[in-house]
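The data block below is target09.cif; it holds mmCIF, C-alpha atoms.
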data_entry
#
loop_
_atom_site.label_atom_id
_atom_site.label_comp_id
_atom_site.auth_asym_id
_atom_site.auth_seq_id
_atom_site.Cartn_x
_atom_site.Cartn_y
_atom_site.Cartn_z
CA MET C 1 -5.24 81.72 -82.56
CA ARG C 2 -6.11 78.02 -82.76
CA ALA C 3 -4.99 75.90 -85.69
CA TRP C 4 -4.86 72.22 -86.52
CA GLN C 5 -1.39 70.86 -87.22
CA ALA C 6 -0.04 67.56 -88.47
CA GLN C 7 2.83 66.63 -86.19
CA ALA C 8 3.89 63.56 -88.18
CA ALA C 9 2.75 61.54 -91.20
CA GLY C 10 -0.09 59.13 -90.54
CA GLU C 11 -3.85 58.77 -90.22
CA PRO C 12 -5.53 62.15 -89.62
CA ARG C 13 -7.03 61.17 -86.26
CA ASP C 14 -3.60 60.06 -85.03
CA VAL C 15 -1.41 62.92 -86.21
CA LEU C 16 -3.57 66.06 -86.18
CA ARG C 17 -3.45 68.21 -83.06
CA LEU C 18 -5.26 71.44 -82.15
CA VAL C 19 -2.61 73.95 -81.09
CA ASP C 20 -2.21 77.64 -80.27
CA VAL C 21 -0.09 79.59 -82.74
CA GLU C 22 0.61 83.23 -83.49
CA ARG C 23 -1.96 84.94 -85.71
CA PRO C 24 -0.43 85.83 -89.11
CA GLU C 25 -0.43 89.23 -90.77
CA ALA C 26 -1.20 90.11 -94.37
CA GLY C 27 1.78 91.15 -96.49
CA PRO C 28 1.80 92.90 -99.88
CA GLY C 29 -0.75 91.37 -102.24
CA GLN C 30 -2.30 89.31 -99.44
CA VAL C 31 -5.43 89.32 -97.30
CA LEU C 32 -5.99 88.16 -93.73
CA VAL C 33 -9.21 86.13 -93.51
CA ARG C 34 -11.11 85.00 -90.42
CA ALA C 35 -12.53 81.57 -91.16
CA LEU C 36 -16.28 81.03 -91.02
CA ALA C 37 -16.25 77.49 -92.41
CA VAL C 38 -13.59 75.16 -93.84
CA ALA C 39 -14.49 72.34 -96.23
CA ALA C 40 -12.80 68.99 -95.68
CA ASN C 41 -11.31 67.36 -98.77
CA PHE C 42 -9.64 64.05 -99.59
CA PRO C 43 -6.34 65.88 -100.19
CA ASP C 44 -6.42 66.65 -96.44
CA VAL C 45 -6.24 62.89 -95.85
CA LEU C 46 -3.34 62.54 -98.29
CA LEU C 47 -1.56 65.54 -96.75
CA ALA C 48 -1.80 63.97 -93.30
CA ARG C 49 -0.46 60.68 -94.65
CA GLY C 50 2.38 62.38 -96.51
CA GLN C 51 1.00 61.06 -99.82
CA TYR C 52 -0.12 64.30 -101.49
CA GLN C 53 1.76 65.66 -104.50
CA VAL C 54 2.67 68.68 -102.36
CA LYS C 55 4.45 67.81 -99.11
CA PRO C 56 4.64 70.73 -96.65
CA PRO C 57 7.37 70.46 -94.02
CA LEU C 58 6.24 69.22 -90.60
CA PRO C 59 4.49 70.50 -88.62
CA PHE C 60 1.93 71.98 -91.00
CA THR C 61 -1.72 72.99 -91.06
CA PRO C 62 -4.04 71.14 -93.48
CA GLY C 63 -7.25 72.46 -95.02
CA ILE C 64 -7.38 73.69 -98.60
CA GLU C 65 -10.55 75.79 -98.96
CA LEU C 66 -12.63 78.09 -96.80
CA CYS C 67 -15.31 80.71 -96.58
CA GLY C 68 -14.36 83.61 -94.36
CA GLU C 69 -14.45 87.31 -93.64
CA VAL C 70 -11.68 89.66 -94.71
CA VAL C 71 -10.04 91.17 -91.62
CA ALA C 72 -7.21 93.13 -93.23
CA VAL C 73 -5.69 93.68 -96.66
CA GLY C 74 -2.02 94.06 -97.50
CA GLU C 75 -0.33 96.73 -99.56
CA GLY C 76 -1.52 96.89 -103.16
CA VAL C 77 -4.85 95.11 -102.57
CA SER C 78 -7.83 97.20 -103.71
CA ARG C 79 -10.28 94.59 -105.01
CA LEU C 80 -11.14 93.26 -101.53
CA ALA C 81 -12.08 95.07 -98.31
CA PRO C 82 -12.38 94.30 -94.59
CA GLY C 83 -15.77 92.87 -93.69
CA GLN C 84 -16.28 91.22 -97.09
CA ARG C 85 -17.39 87.57 -97.15
CA VAL C 86 -15.03 85.64 -99.42
CA ILE C 87 -13.86 82.18 -100.45
CA GLY C 88 -10.27 81.17 -100.99
CA SER C 89 -7.91 78.26 -101.31
CA LYS C 90 -4.41 77.29 -100.22
CA ILE C 91 -2.89 74.56 -98.07
CA GLY C 92 -3.12 75.60 -94.44
CA VAL C 93 -6.57 77.12 -93.87
CA LEU C 94 -7.76 74.79 -91.07
CA ALA C 95 -7.20 77.59 -88.60
CA GLU C 96 -9.10 80.51 -87.14
CA TYR C 97 -7.19 82.98 -89.36
CA SER C 98 -5.32 82.53 -92.63
CA VAL C 99 -3.31 84.72 -94.97
CA LEU C 100 -4.12 84.14 -98.63
CA ASP C 101 -2.96 85.47 -101.98
CA ALA C 102 -5.50 88.16 -102.87
CA ALA C 103 -5.46 87.11 -106.54
CA LEU C 104 -7.05 83.78 -105.57
CA VAL C 105 -9.65 85.14 -103.13
CA PHE C 106 -13.12 85.88 -104.47
CA PRO C 107 -16.47 87.17 -103.20
CA ALA C 108 -18.62 84.36 -101.81
CA PRO C 109 -21.75 83.88 -103.96
CA GLU C 110 -24.63 85.41 -102.02
CA PRO C 111 -27.11 82.53 -102.60
CA LEU C 112 -24.81 80.12 -100.74
CA SER C 113 -24.51 79.68 -96.98
CA ASP C 114 -21.10 79.86 -95.31
CA ALA C 115 -20.83 76.05 -95.36
CA GLU C 116 -21.91 75.80 -99.00
CA ALA C 117 -19.58 78.62 -100.07
CA ALA C 118 -16.67 76.96 -98.26
CA ALA C 119 -17.26 73.83 -100.34
CA LEU C 120 -17.63 75.59 -103.70
CA TYR C 121 -14.06 76.49 -104.52
CA VAL C 122 -11.95 73.38 -105.08
CA GLY C 123 -14.58 70.78 -106.05
CA HIS C 124 -16.52 72.91 -108.48
CA GLN C 125 -13.43 74.63 -109.91
CA THR C 126 -11.91 71.19 -110.50
CA GLY C 127 -15.12 69.94 -112.06
CA HIS C 128 -15.46 72.93 -114.35
CA PHE C 129 -11.84 72.78 -115.53
CA GLY C 130 -12.09 69.02 -116.02
CA LEU C 131 -15.31 69.02 -117.98
CA HIS C 132 -14.91 72.23 -119.96
CA ARG C 133 -11.23 73.06 -120.40
CA ARG C 134 -9.87 69.51 -120.49
CA ALA C 135 -12.70 67.38 -121.89
CA ARG C 136 -14.52 70.11 -123.87
CA ILE C 137 -17.86 68.55 -122.96
CA GLN C 138 -20.76 69.33 -125.28
CA ALA C 139 -24.51 69.45 -124.76
CA GLY C 140 -26.10 66.11 -125.57
CA GLU C 141 -23.03 64.05 -124.68
CA THR C 142 -23.04 61.31 -122.05
CA LEU C 143 -20.93 61.92 -118.92
CA LEU C 144 -19.94 59.08 -116.59
CA VAL C 145 -19.06 60.25 -113.07
CA HIS C 146 -17.39 57.94 -110.55
CA ALA C 147 -17.96 58.46 -106.81
CA ALA C 148 -21.02 60.47 -107.81
CA ALA C 149 -22.28 60.80 -104.22
CA GLY C 150 -19.03 62.29 -102.92
CA GLY C 151 -18.03 65.94 -102.79
CA VAL C 152 -16.04 65.91 -106.04
CA GLY C 153 -18.60 63.66 -107.74
CA THR C 154 -21.71 65.69 -106.87
CA ALA C 155 -19.95 68.81 -108.19
CA ALA C 156 -19.21 67.05 -111.50
CA VAL C 157 -22.80 65.79 -111.74
CA GLN C 158 -24.19 69.30 -111.25
CA LEU C 159 -21.78 70.82 -113.75
CA GLY C 160 -22.46 68.09 -116.29
CA LYS C 161 -26.19 68.77 -116.11
CA ALA C 162 -25.57 72.51 -116.36
CA ALA C 163 -23.58 71.81 -119.55
CA GLY C 164 -26.52 69.91 -121.06
CA ALA C 165 -25.00 66.43 -120.76
CA ARG C 166 -26.75 63.21 -119.86
CA VAL C 167 -25.13 62.07 -116.60
CA VAL C 168 -24.56 58.50 -115.40
CA GLY C 169 -23.41 58.46 -111.78
CA VAL C 170 -21.63 55.50 -110.14
CA VAL C 171 -21.97 55.08 -106.35
CA GLY C 172 -20.59 52.51 -103.92
CA THR C 173 -23.78 51.51 -102.11
CA ALA C 174 -27.53 51.66 -102.58
CA ALA C 175 -27.74 54.13 -99.70
CA LYS C 176 -25.72 56.68 -101.70
CA ALA C 177 -27.86 56.46 -104.84
CA GLY C 178 -30.32 59.11 -103.71
CA VAL C 179 -27.54 61.65 -103.20
CA ALA C 180 -26.27 61.26 -106.77
CA ARG C 181 -29.82 61.37 -108.09
CA ALA C 182 -30.61 64.52 -106.13
CA ALA C 183 -27.46 66.14 -107.53
CA GLY C 184 -28.91 65.61 -111.01
CA ALA C 185 -27.70 62.23 -112.27
CA ASP C 186 -30.07 60.83 -114.92
CA VAL C 187 -28.94 57.24 -114.33
CA VAL C 188 -27.42 55.97 -111.07
CA VAL C 189 -25.43 52.75 -110.85
CA ASP C 190 -24.79 50.96 -107.55
CA ARG C 191 -21.47 49.26 -108.33
CA SER C 192 -21.98 46.79 -105.48
CA ALA C 193 -24.98 45.34 -107.33
CA GLU C 194 -24.51 46.29 -111.01
CA ASP C 195 -21.78 46.47 -113.63
CA PHE C 196 -21.53 50.12 -114.68
CA VAL C 197 -20.02 49.07 -118.02
CA ASP C 198 -23.21 47.21 -118.94
CA VAL C 199 -25.42 50.05 -117.73
CA VAL C 200 -23.50 52.67 -119.71
CA MET C 201 -23.54 50.63 -122.90
CA GLU C 202 -27.25 49.96 -122.57
CA ALA C 203 -28.06 53.60 -121.75
CA THR C 204 -26.13 54.83 -124.79
CA GLY C 205 -27.29 52.21 -127.27
CA GLY C 206 -23.82 50.68 -127.41
CA ARG C 207 -21.98 53.96 -128.06
CA GLY C 208 -20.43 54.41 -124.62
CA ALA C 209 -19.69 57.47 -122.50
CA ASP C 210 -18.28 60.52 -124.26
CA VAL C 211 -16.63 61.81 -121.08
CA VAL C 212 -15.56 59.93 -117.94
CA TYR C 213 -14.80 61.89 -114.75
CA ASP C 214 -12.60 59.70 -112.57
CA PRO C 215 -11.49 60.70 -109.06
CA VAL C 216 -11.26 57.03 -108.00
CA GLY C 217 -8.64 55.30 -110.15
CA GLY C 218 -7.75 51.61 -110.14
CA ASP C 219 -10.53 49.32 -111.34
CA ALA C 220 -12.89 52.26 -111.97
CA PHE C 221 -10.45 53.60 -114.57
CA ASP C 222 -9.68 50.21 -116.09
CA ARG C 223 -13.34 49.34 -116.55
CA SER C 224 -14.15 52.81 -117.88
CA THR C 225 -11.92 52.07 -120.88
CA ARG C 226 -14.38 49.29 -121.74
CA CYS C 227 -17.33 51.70 -122.05
CA ILE C 228 -15.66 54.81 -123.46
CA ALA C 229 -17.08 56.09 -126.74
CA PHE C 230 -15.22 56.66 -129.99
CA GLU C 231 -13.25 59.90 -129.48
CA GLY C 232 -14.22 59.81 -125.79
CA ARG C 233 -12.23 61.54 -123.06
CA ILE C 234 -11.31 60.15 -119.64
CA VAL C 235 -10.43 62.88 -117.14
CA VAL C 236 -8.12 61.60 -114.38
CA VAL C 237 -8.83 63.70 -111.28
CA GLY C 238 -7.43 61.55 -108.48
CA PHE C 239 -7.08 58.07 -107.02
CA ALA C 240 -9.32 58.01 -103.94
CA GLY C 241 -9.68 54.25 -104.38
CA GLY C 242 -6.03 53.84 -103.39
CA VAL C 243 -4.66 52.55 -106.71
CA ILE C 244 -3.19 55.00 -109.21
CA GLN C 245 -4.55 54.66 -112.73
CA THR C 246 -2.36 52.98 -115.35
CA ALA C 247 -3.23 53.92 -118.92
CA ARG C 248 -2.58 51.46 -121.74
CA ALA C 249 -1.42 53.54 -124.69
CA SER C 250 -2.11 50.73 -127.16
CA HIS C 251 -5.73 50.48 -125.99
CA ALA C 252 -6.23 54.25 -126.28
CA LEU C 253 -4.84 54.04 -129.81
CA LEU C 254 -7.09 51.17 -130.87
CA LYS C 255 -10.27 52.75 -129.48
CA ASN C 256 -9.45 56.39 -130.30
CA TYR C 257 -9.97 57.83 -126.84
CA ALA C 258 -7.95 60.32 -124.82
CA VAL C 259 -6.73 60.20 -121.22
CA LEU C 260 -6.51 63.70 -119.76
CA GLY C 261 -4.84 64.60 -116.49
CA LEU C 262 -6.20 67.34 -114.26
CA TYR C 263 -4.37 68.91 -111.32
CA TRP C 264 -6.37 72.05 -110.64
CA GLY C 265 -3.69 73.50 -108.37
CA LEU C 266 -1.44 74.00 -111.38
CA TYR C 267 -4.01 76.37 -112.91
CA ALA C 268 -4.10 78.36 -109.67
CA GLU C 269 -0.31 78.63 -109.93
CA ARG C 270 0.10 79.29 -113.67
CA ARG C 271 -3.24 80.66 -114.92
CA PRO C 272 -4.99 82.52 -112.09
CA ASP C 273 -6.88 84.47 -114.76
CA LEU C 274 -8.68 81.27 -115.75
CA VAL C 275 -9.47 80.53 -112.09
CA ALA C 276 -11.02 84.00 -111.75
CA ALA C 277 -13.08 83.56 -114.93
CA THR C 278 -14.30 80.17 -113.70
CA HIS C 279 -15.33 81.70 -110.38
CA ASP C 280 -17.45 84.23 -112.26
CA GLU C 281 -19.14 81.39 -114.15
CA LEU C 282 -19.72 79.37 -110.98
CA THR C 283 -21.23 82.44 -109.33
CA ARG C 284 -23.59 82.82 -112.29
CA LEU C 285 -24.57 79.15 -112.02
CA ALA C 286 -25.12 79.51 -108.27
CA TRP C 287 -27.48 82.44 -108.83
CA ALA C 288 -29.27 80.37 -111.47
CA GLY C 289 -29.68 77.50 -109.03
CA GLN C 290 -27.69 75.10 -111.22
CA VAL C 291 -24.85 74.51 -108.74
CA ARG C 292 -25.02 74.24 -104.96
CA PRO C 293 -22.48 72.20 -103.00
CA VAL C 294 -24.14 69.19 -101.40
CA VAL C 295 -23.23 69.73 -97.74
CA ARG C 296 -24.39 66.68 -95.79
CA GLN C 297 -22.44 67.13 -92.57
CA ILE C 298 -21.31 70.16 -90.56
CA VAL C 299 -18.99 69.51 -87.62
CA PRO C 300 -17.48 71.87 -85.03
CA PHE C 301 -13.88 73.02 -85.34
CA ALA C 302 -12.81 70.93 -82.35
CA GLN C 303 -13.82 67.74 -84.19
CA ALA C 304 -11.96 68.48 -87.43
CA ALA C 305 -9.53 65.54 -87.12
CA ASP C 306 -12.40 63.07 -86.78
CA ALA C 307 -14.19 64.62 -89.76
CA ILE C 308 -11.11 64.25 -91.97
CA GLN C 309 -10.67 60.66 -90.76
CA GLU C 310 -14.21 59.90 -91.96
CA LEU C 311 -13.20 61.00 -95.45
CA ALA C 312 -10.32 58.55 -95.28
CA GLY C 313 -12.77 55.72 -94.67
CA GLY C 314 -14.84 56.51 -97.76
CA VAL C 315 -18.09 56.49 -95.77
CA THR C 316 -19.11 60.11 -96.28
CA VAL C 317 -21.56 61.45 -98.85
CA GLY C 318 -21.62 64.95 -100.24
CA ARG C 319 -19.41 67.53 -98.55
CA VAL C 320 -18.20 67.57 -94.95
CA VAL C 321 -17.69 71.11 -93.65
CA ILE C 322 -15.97 72.25 -90.46
CA ALA C 323 -17.72 75.23 -88.86
CA MET C 324 -15.93 77.69 -86.61
CA GLU C 325 -17.36 77.91 -83.11
#
Can you present the structure in this file as structure tokens?
Amino acid sequence: MRAWQAQAAGEPRDVLRLVDVERPEAGPGQVLVRALAVAANFPDVLLARGQYQVKPPLPFTPGIELCGEVVAVGEGVSRLAPGQRVIGSKIGVLAEYSVLDAALVFPAPEPLSDAEAAALYVGHQTGHFGLHRRARIQAGETLLVHAAAGGVGTAAVQLGKAAGARVVGVVGTAAKAGVARAAGADVVVDRSAEDFVDVVMEATGGRGADVVYDPVGGDAFDRSTRCIAFEGRIVVVGFAGGVIQTARASHALLKNYAVLGLYWGLYAERRPDLVAATHDELTRLAWAGQVRPVVRQIVPFAQAADAIQELAGGVTVGRVVIAME
């Protein structure tokens, strides 16, 4: 089979190569899945650079989520069957076939296309865990989402609206504003032309945002502490801006807000039952039309390295999905 492999640490376009490797087989508790579509994610960029919190030994295959068809099931697997369309997640799915842990493979929601289903797993699971389990968001609260036109951001915007929150989305350029608005943001801030702190304070009558969803880090985090509400919660999801957030404990104390970390992969490792329950809820929301991954670009498998490189440049909007030829 064909698979993409990182041969060294560096920029995705420089280090990823399309190679022929032996097709794997499903062992006990596993399923063999033929990929239909693989969603590109910023962690793929970090994996290629050797900067992700998990560092697979070289050479390795990137890709962390897919939609595919079950080809074979291993011993002890009864919940899934060959021919079933599914979604799943693990490092190493940017290949024609992948073996996954059956406990973390779920039926693809029928209302979603292959490309949309491929992009549902990580972004929307992360958003749901961040907003509901970590921040305990409530209907009527104000949610501030950074990078609201990106894949992670549009998922958080949709989930915030589904939770009954008022959503303020921050985007990097005026051209991205429409994407955040279409995802459901009530107020959209172009940070190249406006100060989101001023906009949030004005929109909330001086109260501030109850929940901040931050996959950017750096200045976005620092300035969010200036518009966080009393007893507000800042959810740290990542640092796509290139600078890791630094929380000031004294400031959190004086303003009575909380900084909450979220690494979704740890739930997949330690609480797969919660991942399964969240998938059921996301499926319900997909049927209700309240969540649908914003897929803005579909590229062929042979161009996967270029697609991941575009994520590194921060120029993409919505989700980028790699389709199998």
Show which residues sit within 7 Å of segment 239-248 of chain C, as a PyMOL selection string. Count all atoms listed in the file, and ignore same-chain residues fewer than 2 positions away. chain C and resi 215-218+221+250-252
Rounded to one decimal in Å, what is the spacing between atom CA of Leu144 of chain C and atom CA of Gly314 of chain C?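 Value for the atom CA of Leu144 of chain C-atom CA of Gly314 of chain C distance: 19.7 Å.
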For Gln84 of chain C, please output as a ChimeraX atom specification all residues within 12 Å (counting all atoms listed in the file; exclusion window: fewer than 6 positions along the same chain). /C:31-36,67-73,105-110
Would you put the residues from that selection into a file with C-alpha atoms, as a CSV table (one decimal), in the frame of the given file?
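Below is the file again06.csv, written as the result:
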chain,number,residue,atom,x,y,z
C,31,VAL,CA,-5.4,89.3,-97.3
C,32,LEU,CA,-6.0,88.2,-93.7
C,33,VAL,CA,-9.2,86.1,-93.5
C,34,ARG,CA,-11.1,85.0,-90.4
C,35,ALA,CA,-12.5,81.6,-91.2
C,36,LEU,CA,-16.3,81.0,-91.0
C,67,CYS,CA,-15.3,80.7,-96.6
C,68,GLY,CA,-14.4,83.6,-94.4
C,69,GLU,CA,-14.4,87.3,-93.6
C,70,VAL,CA,-11.7,89.7,-94.7
C,71,VAL,CA,-10.0,91.2,-91.6
C,72,ALA,CA,-7.2,93.1,-93.2
C,73,VAL,CA,-5.7,93.7,-96.7
C,105,VAL,CA,-9.6,85.1,-103.1
C,106,PHE,CA,-13.1,85.9,-104.5
C,107,PRO,CA,-16.5,87.2,-103.2
C,108,ALA,CA,-18.6,84.4,-101.8
C,109,PRO,CA,-21.8,83.9,-104.0
C,110,GLU,CA,-24.6,85.4,-102.0
Using all atoms listed in the file, which residues sit within 9 Å of Arg17 of chain C once same-chain residues fewer than 6 positions away are excluded, as JSON, numbers by chain? {"C": [3, 4, 5, 6, 7, 305]}
Could you list, as an MDAnalysis selection string, every residue matched by the PyMOL selection byres ((chain C and resi 184-200) around 8) in this structure? chainID C and resid 144 157:158 161 166:174 177 180:183 201:204 206 208:209 223:224 226:227
Quick one: distance from atom CA of Leu47 of chain C to atom CA of Val315 of chain C in Å, one decimal? 18.9 Å
Can you tell me which residues surround Ile308 of chain C at a distance of at most 9 Å, considering only C-alpha atoms, apart from same-chain residues fewer than 3 positions away, and format the answer as a ChimeraX atom specification? /C:12-13,40-42,44-45,303-305,311-312,320
Applied to this file, what does the PyMOL selection byres ((chain C and resi 28) around 10) return in terms of residues, put as a ChimeraX atom specification? /C:26-27,29-31,73-77,101-102
So which one's closest to Ala117 of chain C, C:Ile87, C:Leu253, C:Val259, C:Ile64? Using all atoms listed in the file, please. C:Ile87
Let me make sure I understand: among C:Ala95, C:Val321, C:Ala148, C:Val237, which one has the smallest atom-to-atom distance to Ala37 of chain C if we use all atoms listed in the file? C:Val321
Spell out the residues picked by the PyMOL selection byres ((chain C and resi 316-318) around 7) here, as JSON, numbers by chain. {"C": [149, 150, 151, 154, 176, 294, 295, 296, 310, 311, 314, 315, 319, 320]}
With a distance cut-off of 7 Å and all atoms listed in the file, select the neighbouring residues of Ala155 of chain C, excluding the residue or stretch itself and same-chain residues fewer than 5 positions from it, and output the selection as a VMD selection string. chain C and resid 123 to 124 127 293
Given all atoms listed in the file as the basis, pick out the residue of C:Ile91, C:Leu104, C:Ala118, C:Ile137 nearest to Arg79 of chain C.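 Ranked by minimum distance to Arg79 of chain C, first place goes to C:Leu104.
Taking atom CA of Thr278 of chain C as the reference point, atom CA of Val99 of chain C is found at 22.2 Å.
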For Glu269 of chain C, which residue among C:Gln53, C:Ala103, C:Ala39, C:Asp14 is the nearest when counting all atoms listed in the file? C:Ala103
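Nearest to Arg2 of chain C of all the residues C:Gly289, C:Gly130, C:Gly261, C:Pro24 is C:Pro24, based on only C-alpha atoms.
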